[in-house]
Every structure is written in structure tokens, then in C-alpha cells.
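Participant: Let me begin by handing over the structure; questions about it come next.
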Amino acid sequence: MEPFSSNLKRRAAQLGISNAEVARRAGLSDRRYGNYITGHREPDLATLVRIASVLNVSIDELLGTNGAENVRTTDELFQERIAAALKALQSDDLQRLLVMIEALAAAKK
């Protein structure tokens with residue numbers, strides 16, 4: 001499952017998050033996730049779905065079954081990083097972030 005382990009590493013790097021952070025967000029131990037990164041083990045479907053959700057990517061893209069790799073612009077990568085980070089935040093953090101984003105948007109008008 002070499003493409004899978006490579007895709008896990010590549011996607012985490014694109015999002016700017018560590019393997020340990022991916023594991024934490026997916027509810028996995030570092031050791032278990034490390035087995036996926038090294039290609040020693042394959043996740044079950046439920047775990048694969050959780051990992052794909054954390055990495056904000058399709059299962060097909062993680063498995064390398066979607067054909068060509070999607071080419072993303074810098075802005076698209078930034079938006080994907082933001083979306084992945086948002087999933088890890090609690091409600092009170094999201095409220096604070098909303099205030100900051102709205103203030104930034106208002107300053108641009």
C-alpha cells in the first residue's frame with residue numbers, strides 16, 4: 001500500500017500538520033497511525049473515513065485510485081488547510097475565530 005502511505009504523508013505536509021496531529025484528530029494512537037505511514041498496516045474502512053475527513057480529502061485520493069493527482073493553486077491549498085484546522089476546533093474557539101475573520105474582512109472593504 002505504498003501509494004496510500006505516500007499520500008498520507010504528502011497530504012499532511014500540504015496541510016502543514018504533523019503525523020501526530022493527524023493521529024490525534026482522527027482519534028488514533030501515534031503508533032497505529034505510524035503503521036499506516038510506514039505501510040506496515042492498512043486501516044479498516046471506518047478508520048480510513050476518519051483519516052480522509054481529517055485530511056479533508058477523498059478516500060480515492062488517499063488510496064491513489066482517482067487517476068491523476070489534483071493540481072491545486074496556492075489559494076486552494078490555504079483554504080484546505082483552514083478547513084482541516086477548523087475541524088479540530090471547539091465551539092468557543094470557532095466563535096473567537098469568526099470575530100477575527102469578520103474583522104479582517106471588514107478591514108478589506
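Naming works like this for the C-alpha cells: A, B, ... for the chains as they're shown, residue 1 at the start of each chain, ligands 1 onward in shown order.
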Write down as number ranges by chain the residues belonging to chain A that are assigned helix (DSSP H, G or I) by DSSP computed on the backbone.

Facilitator: A: 2-15, 19-26, 30-38, 45-54, 59-63, 74-86, 91-107

Participant: Neighbours of Val22 (chain A) within 10 Å (only C-alpha atoms; same-chain residues fewer than 5 positions away dropped), as a list in words?

Facilitator: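 Once the nearby chain positions are removed, what remains is Leu8, Ala12, Ile17, Gly27, Leu28, Ser29, Asp30, Tyr33, Arg50, Ile51, Ala52, Val54, Leu55, Ala84 and Ala88 of chain A.
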
Participant: Mind writing the picked residues with N, CA and C atoms as a PDB file, in the first residue's frame?

Facilitator:
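File produced: selection_7.pdb:
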ATOM      1  N   LEU A   8      -0.668   9.816   2.444  1.00  0.00           N
ATOM      2  CA  LEU A   8      -0.890  10.305   3.808  1.00  0.00           C
ATOM      3  C   LEU A   8       0.139  11.366   4.161  1.00  0.00           C
ATOM      4  N   ALA A  12      -0.693  15.483   4.602  1.00  0.00           N
ATOM      5  CA  ALA A  12      -0.427  16.143   5.882  1.00  0.00           C
ATOM      6  C   ALA A  12       0.541  17.301   5.685  1.00  0.00           C
ATOM      7  N   ILE A  17       0.350  19.988   8.824  1.00  0.00           N
ATOM      8  CA  ILE A  17       0.137  19.351  10.127  1.00  0.00           C
ATOM      9  C   ILE A  17       1.010  18.101  10.236  1.00  0.00           C
ATOM     10  N   GLY A  27      -8.415  10.380  16.206  1.00  0.00           N
ATOM     11  CA  GLY A  27      -8.687   9.520  17.357  1.00  0.00           C
ATOM     12  C   GLY A  27      -7.861   8.247  17.355  1.00  0.00           C
ATOM     13  N   LEU A  28      -6.646   8.331  16.808  1.00  0.00           N
ATOM     14  CA  LEU A  28      -5.766   7.170  16.721  1.00  0.00           C
ATOM     15  C   LEU A  28      -4.520   7.394  17.564  1.00  0.00           C
ATOM     16  N   SER A  29      -3.903   6.317  17.984  1.00  0.00           N
ATOM     17  CA  SER A  29      -2.625   6.440  18.674  1.00  0.00           C
ATOM     18  C   SER A  29      -1.552   6.772  17.636  1.00  0.00           C
ATOM     19  N   ASP A  30      -0.469   7.399  18.104  1.00  0.00           N
ATOM     20  CA  ASP A  30       0.644   7.696  17.200  1.00  0.00           C
ATOM     21  C   ASP A  30       1.196   6.423  16.575  1.00  0.00           C
ATOM     22  N   TYR A  33      -1.205   5.060  13.798  1.00  0.00           N
ATOM     23  CA  TYR A  33      -1.112   5.883  12.601  1.00  0.00           C
ATOM     24  C   TYR A  33       0.262   5.709  11.951  1.00  0.00           C
ATOM     25  N   ARG A  50     -12.291   8.338   8.712  1.00  0.00           N
ATOM     26  CA  ARG A  50     -11.886   9.356   9.695  1.00  0.00           C
ATOM     27  C   ARG A  50     -10.615  10.072   9.246  1.00  0.00           C
ATOM     28  N   ILE A  51      -9.643   9.329   8.754  1.00  0.00           N
ATOM     29  CA  ILE A  51      -8.390   9.937   8.300  1.00  0.00           C
ATOM     30  C   ILE A  51      -8.654  10.864   7.115  1.00  0.00           C
ATOM     31  N   ALA A  52      -9.459  10.413   6.155  1.00  0.00           N
ATOM     32  CA  ALA A  52      -9.782  11.240   4.993  1.00  0.00           C
ATOM     33  C   ALA A  52     -10.485  12.528   5.420  1.00  0.00           C
ATOM     34  N   VAL A  54     -10.157  14.082   8.354  1.00  0.00           N
ATOM     35  CA  VAL A  54      -9.156  14.941   8.996  1.00  0.00           C
ATOM     36  C   VAL A  54      -8.293  15.627   7.945  1.00  0.00           C
ATOM     37  N   LEU A  55      -7.924  14.897   6.918  1.00  0.00           N
ATOM     38  CA  LEU A  55      -7.059  15.436   5.876  1.00  0.00           C
ATOM     39  C   LEU A  55      -7.832  16.191   4.799  1.00  0.00           C
ATOM     40  N   ALA A  84      -9.256  22.111   7.249  1.00  0.00           N
ATOM     41  CA  ALA A  84      -8.783  20.998   8.086  1.00  0.00           C
ATOM     42  C   ALA A  84      -8.563  21.454   9.521  1.00  0.00           C
ATOM     43  N   ALA A  88     -10.719  20.768  13.878  1.00  0.00           N
ATOM     44  CA  ALA A  88     -10.094  20.416  15.151  1.00  0.00           C
ATOM     45  C   ALA A  88     -10.474  21.377  16.281  1.00  0.00           C
TER      46      ALA A  88
END

Participant: Looking at only C-alpha atoms, which of A:Ala13, A:Ala85, A:Ala105, A:Leu77 is the one that sits closest to Arg25 (chain A)?

Facilitator: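 Among the listed residues, the smallest separation from Arg25 (chain A) belongs to A:Ala85.
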
Participant: Quick one: distance from CA of Asn19 (chain A) to CA of Ser91 (chain A) in Å, one decimal?

Facilitator: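 Interatomic distance here is 24.1 Å.
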